[in-house]
>>> print(open('start_9.pdb').read())   # PDB, C-alpha atoms
ATOM      1  CA  MET G  28       0.000   0.000   0.000
ATOM      2  CA  SER G  29       1.393   3.402  -0.927
ATOM      3  CA  SER G  30       1.678   6.154   1.603
ATOM      4  CA  VAL G  31       1.366   9.915   1.273
ATOM      5  CA  PHE G  32       4.941  10.168   2.544
ATOM      6  CA  PRO G  33       7.752   8.653   0.473
ATOM      7  CA  GLU G  34       9.783   5.824   1.930
ATOM      8  CA  PRO G  35      13.172   6.846   3.352
ATOM      9  CA  GLY G  36      15.868   6.607   0.710
ATOM     10  CA  SER G  37      13.377   6.707  -2.160
ATOM     11  CA  GLU G  38      14.133  10.308  -3.147
ATOM     12  CA  GLN G  39      13.720  11.243  -6.787
ATOM     13  CA  LYS G  40      17.088  11.113  -8.545
ATOM     14  CA  THR G  41      18.386  12.590 -11.771
ATOM     15  CA  LEU G  42      19.631  10.451 -14.626
ATOM     16  CA  ASP G  43      23.166  10.553 -13.241
ATOM     17  CA  GLY G  44      22.022   9.434  -9.777
ATOM     18  CA  ARG G  45      22.133  12.784  -7.976
ATOM     19  CA  THR G  46      19.267  13.963  -5.834
ATOM     20  CA  PRO G  47      17.645  17.347  -6.480
ATOM     21  CA  ASP G  48      19.286  18.606  -3.273
ATOM     22  CA  GLN G  49      22.712  17.601  -4.571
ATOM     23  CA  VAL G  50      22.051  19.342  -7.878
ATOM     24  CA  ALA G  51      20.928  22.490  -6.053
ATOM     25  CA  MET G  52      24.026  22.436  -3.807
ATOM     26  CA  GLU G  53      26.293  22.094  -6.854
ATOM     27  CA  HIS G  54      24.492  24.999  -8.526
ATOM     28  CA  SER G  55      24.923  27.137  -5.395
ATOM     29  CA  ALA G  56      28.618  26.251  -5.209
ATOM     30  CA  GLN G  57      29.046  27.281  -8.845
ATOM     31  CA  MET G  58      27.370  30.625  -8.212
ATOM     32  CA  VAL G  59      29.616  31.272  -5.189
ATOM     33  CA  SER G  60      32.644  30.270  -7.259
ATOM     34  CA  ASP G  61      31.662  32.811  -9.925
ATOM     35  CA  VAL G  62      31.364  35.566  -7.315
ATOM     36  CA  LEU G  63      34.729  34.641  -5.793
ATOM     37  CA  LEU G  64      36.328  34.744  -9.224
ATOM     38  CA  ASN G  65      34.878  38.214  -9.816
ATOM     39  CA  LEU G  66      36.214  39.342  -6.444
ATOM     40  CA  GLU G  67      39.671  37.982  -7.321
ATOM     41  CA  HIS G  68      39.631  39.915 -10.593
ATOM     42  CA  SER G  69      38.420  43.057  -8.820
ATOM     43  CA  ILE G  70      41.187  42.823  -6.220
ATOM     44  CA  ALA G  71      43.821  42.347  -8.919
ATOM     45  CA  ALA G  72      42.434  45.268 -10.950
ATOM     46  CA  ALA G  73      42.339  47.524  -7.876
ATOM     47  CA  LYS G  74      45.944  46.678  -7.001
ATOM     48  CA  LYS G  75      47.043  47.367 -10.566
ATOM     49  CA  ALA G  76      45.115  50.644 -10.620
ATOM     50  CA  LEU G  77      46.677  51.680  -7.315
ATOM     51  CA  LYS G  78      50.175  51.155  -8.728
ATOM     52  CA  VAL G  79      49.334  53.289 -11.767
ATOM     53  CA  VAL G  80      47.678  56.030  -9.712
ATOM     54  CA  GLU G  81      50.592  56.108  -7.257
ATOM     55  CA  LYS G  82      53.080  56.254 -10.120
ATOM     56  CA  ASP G  83      51.211  59.129 -11.763
ATOM     57  CA  GLY G  84      51.007  60.926  -8.417
ATOM     58  CA  VAL G  85      48.228  63.257  -9.543
ATOM     59  CA  ASP G  86      44.934  61.937  -8.140
ATOM     60  CA  THR G  87      45.306  61.556  -4.383
ATOM     61  CA  ASN G  88      41.561  60.962  -3.949
ATOM     62  CA  ALA G  89      41.716  57.895  -6.197
ATOM     63  CA  GLN G  90      44.815  56.719  -4.372
ATOM     64  CA  HIS G  91      43.112  56.960  -0.965
ATOM     65  CA  ALA G  92      39.938  55.320  -2.285
ATOM     66  CA  LEU G  93      41.841  52.382  -3.783
ATOM     67  CA  LYS G  94      43.927  51.917  -0.625
ATOM     68  CA  GLU G  95      40.713  51.697   1.357
ATOM     69  CA  LEU G  96      38.919  49.503  -1.176
ATOM     70  CA  ILE G  97      41.495  46.719  -1.491
ATOM     71  CA  PRO G  98      41.331  45.509   2.146
ATOM     72  CA  GLN G  99      37.527  45.690   2.033
ATOM     73  CA  LEU G 100      37.403  43.485  -1.062
ATOM     74  CA  GLU G 101      39.861  41.058   0.521
ATOM     75  CA  ARG G 102      37.713  40.847   3.668
ATOM     76  CA  CYS G 103      34.619  40.191   1.529
ATOM     77  CA  ARG G 104      36.413  37.433  -0.349
ATOM     78  CA  LYS G 105      37.657  35.826   2.868
ATOM     79  CA  ARG G 106      34.240  36.028   4.516
ATOM     80  CA  LEU G 107      32.475  34.501   1.512
ATOM     81  CA  GLN G 108      34.961  31.632   1.392
ATOM     82  CA  GLN G 109      34.648  30.952   5.109
ATOM     83  CA  ASP G 110      30.862  31.156   5.088
ATOM     84  CA  THR G 111      30.465  28.841   2.108
ATOM     85  CA  TYR G 112      33.382  26.518   1.383
ATOM     86  CA  PHE G 113      34.558  26.042   4.966
ATOM     87  CA  ALA G 114      31.305  26.371   6.879
ATOM     88  CA  GLY G 115      30.324  22.720   6.894
ATOM     89  CA  ASP G 116      26.744  22.126   7.949
ATOM     90  CA  ASN G 117      26.687  25.014  10.436
ATOM     91  CA  LEU G 118      24.067  27.671   9.844
ATOM     92  CA  ARG G 119      25.334  31.230  10.151
ATOM     93  CA  LEU G 120      22.749  33.340  11.960
ATOM     94  CA  ILE G 121      24.492  36.724  11.880
TER      95      ILE G 121
END
>>> encode(input="start_9.pdb", output="structure tokens")
Amino acid sequence: MSSVFPEPGSEQKTLDGRTPDQVAMEHSAQMVSDVLLNLEHSIAAAKKALKVVEKDGVDTNAQHALKELIPQLERCRKRLQQDTYFAGDNLRLI
């Protein structure tokens, strides 16, 4: 007799044997990876821009802004990595 609730272990699977939850987790990981890659590129571009601006020595406002921006981007990158790749099954509430 069939029940309204599925039997344990009888989750719907994709053709390659993954569950919908596994597919969703992989999709989430890919999205996070894309954001981290963009952050890496932004950090590299900001560092390169800072070198050019410092060399030119004309725009001190841009120099100060870039010096402040780089550590902020690095903190964002670190926080995203820690909260996603290294978080395990813990739920972050704050």
>>> atom_distance(input="start_9.pdb", atom1="CA of Leu66 in chain G", atom2="CA of Pro98 in chain G")
11.7 Å
>>> closest_residue(input="start_9.pdb", among="G:Phe113, G:Asp83, G:Cys103, G:Thr46", to="Val62 in chain G", atoms="all atoms listed in the file")
G:Cys103
>>> closest_residue(input="start_9.pdb", among="G:Ala56, G:Thr87, G:Asp61, G:Leu100", to="Ala73 in chain G", atoms="only C-alpha atoms")
G:Leu100
>>> closest_residue(input="start_9.pdb", among="G:Leu107, G:Val79, G:Ile97, G:Ala92", to="Val59 in chain G", atoms="only C-alpha atoms")
G:Leu107
>>> atom_distance(input="start_9.pdb", atom1="CA of Leu77 in chain G", atom2="CA of Lys94 in chain G")
7.2 Å
>>> atom_distance(input="start_9.pdb", atom1="CA of His91 in chain G", atom2="CA of Lys105 in chain G")
22.2 Å
>>> residues_around(input="start_9.pdb", residues="Tyr112 in chain G", least_positions_apart="3", cutoff="12 Å", atoms="all atoms listed in the file", output="JSON, numbers by chain")
{"G": [52, 53, 55, 56, 57, 59, 60, 63, 104, 105, 106, 107, 108, 109, 115, 116, 117]}
>>> closest_residue(input="start_9.pdb", among="G:Thr41, G:Gln49, G:Thr111, G:Gln90", to="Lys74 in chain G", atoms="all atoms listed in the file")
G:Gln90
>>> axis_aligned_box(input="start_9.pdb", around="range 93-111 of chain G", padding_each_side="6 Å", output="lines of an AutoDock Vina configuration file")
center_x = 37.2
center_y = 40.6
center_z = 0.7
size_x = 25.5
size_y = 35.5
size_z = 20.9
>>> build_atoms(input="start_9.pdb", residues="range 44-58 of chain G", atoms="N, CA, C and O atoms", output="PDB file, in the coordinates of the input")
ATOM      1  N   GLY G  44      22.081   9.971 -11.123  1.00  0.00           N
ATOM      2  CA  GLY G  44      22.022   9.434  -9.777  1.00  0.00           C
ATOM      3  C   GLY G  44      22.072  10.465  -8.664  1.00  0.00           C
ATOM      4  O   GLY G  44      22.059  10.096  -7.498  1.00  0.00           O
ATOM      5  N   ARG G  45      22.113  11.743  -9.007  1.00  0.00           N
ATOM      6  CA  ARG G  45      22.133  12.784  -7.976  1.00  0.00           C
ATOM      7  C   ARG G  45      20.711  13.141  -7.571  1.00  0.00           C
ATOM      8  O   ARG G  45      19.801  13.116  -8.379  1.00  0.00           O
ATOM      9  N   THR G  46      20.578  13.510  -6.316  1.00  0.00           N
ATOM     10  CA  THR G  46      19.267  13.963  -5.834  1.00  0.00           C
ATOM     11  C   THR G  46      19.086  15.429  -6.212  1.00  0.00           C
ATOM     12  O   THR G  46      20.065  16.136  -6.474  1.00  0.00           O
ATOM     13  N   PRO G  47      17.864  15.919  -6.211  1.00  0.00           N
ATOM     14  CA  PRO G  47      17.645  17.347  -6.480  1.00  0.00           C
ATOM     15  C   PRO G  47      18.399  18.252  -5.499  1.00  0.00           C
ATOM     16  O   PRO G  47      18.870  19.317  -5.877  1.00  0.00           O
ATOM     17  N   ASP G  48      18.525  17.825  -4.248  1.00  0.00           N
ATOM     18  CA  ASP G  48      19.286  18.606  -3.273  1.00  0.00           C
ATOM     19  C   ASP G  48      20.756  18.694  -3.661  1.00  0.00           C
ATOM     20  O   ASP G  48      21.386  19.747  -3.524  1.00  0.00           O
ATOM     21  N   GLN G  49      21.315  17.591  -4.144  1.00  0.00           N
ATOM     22  CA  GLN G  49      22.712  17.601  -4.571  1.00  0.00           C
ATOM     23  C   GLN G  49      22.906  18.509  -5.781  1.00  0.00           C
ATOM     24  O   GLN G  49      23.886  19.249  -5.860  1.00  0.00           O
ATOM     25  N   VAL G  50      21.976  18.475  -6.698  1.00  0.00           N
ATOM     26  CA  VAL G  50      22.051  19.342  -7.878  1.00  0.00           C
ATOM     27  C   VAL G  50      21.974  20.810  -7.446  1.00  0.00           C
ATOM     28  O   VAL G  50      22.748  21.656  -7.925  1.00  0.00           O
ATOM     29  N   ALA G  51      21.073  21.123  -6.532  1.00  0.00           N
ATOM     30  CA  ALA G  51      20.928  22.490  -6.053  1.00  0.00           C
ATOM     31  C   ALA G  51      22.184  22.958  -5.315  1.00  0.00           C
ATOM     32  O   ALA G  51      22.620  24.101  -5.478  1.00  0.00           O
ATOM     33  N   MET G  52      22.790  22.086  -4.518  1.00  0.00           N
ATOM     34  CA  MET G  52      24.026  22.436  -3.807  1.00  0.00           C
ATOM     35  C   MET G  52      25.160  22.698  -4.792  1.00  0.00           C
ATOM     36  O   MET G  52      25.936  23.636  -4.618  1.00  0.00           O
ATOM     37  N   GLU G  53      25.266  21.888  -5.838  1.00  0.00           N
ATOM     38  CA  GLU G  53      26.293  22.094  -6.854  1.00  0.00           C
ATOM     39  C   GLU G  53      26.073  23.424  -7.582  1.00  0.00           C
ATOM     40  O   GLU G  53      27.024  24.141  -7.880  1.00  0.00           O
ATOM     41  N   HIS G  54      24.814  23.737  -7.863  1.00  0.00           N
ATOM     42  CA  HIS G  54      24.492  24.999  -8.526  1.00  0.00           C
ATOM     43  C   HIS G  54      24.869  26.173  -7.624  1.00  0.00           C
ATOM     44  O   HIS G  54      25.450  27.165  -8.086  1.00  0.00           O
ATOM     45  N   SER G  55      24.561  26.086  -6.344  1.00  0.00           N
ATOM     46  CA  SER G  55      24.923  27.137  -5.395  1.00  0.00           C
ATOM     47  C   SER G  55      26.436  27.309  -5.320  1.00  0.00           C
ATOM     48  O   SER G  55      26.941  28.434  -5.310  1.00  0.00           O
ATOM     49  N   ALA G  56      27.154  26.195  -5.264  1.00  0.00           N
ATOM     50  CA  ALA G  56      28.618  26.251  -5.209  1.00  0.00           C
ATOM     51  C   ALA G  56      29.184  26.910  -6.460  1.00  0.00           C
ATOM     52  O   ALA G  56      30.148  27.680  -6.380  1.00  0.00           O
ATOM     53  N   GLN G  57      28.589  26.652  -7.602  1.00  0.00           N
ATOM     54  CA  GLN G  57      29.046  27.281  -8.845  1.00  0.00           C
ATOM     55  C   GLN G  57      28.808  28.778  -8.820  1.00  0.00           C
ATOM     56  O   GLN G  57      29.661  29.556  -9.248  1.00  0.00           O
ATOM     57  N   MET G  58      27.663  29.194  -8.306  1.00  0.00           N
ATOM     58  CA  MET G  58      27.370  30.625  -8.212  1.00  0.00           C
ATOM     59  C   MET G  58      28.360  31.322  -7.276  1.00  0.00           C
ATOM     60  O   MET G  58      28.868  32.404  -7.579  1.00  0.00           O
TER      61      MET G  58
END
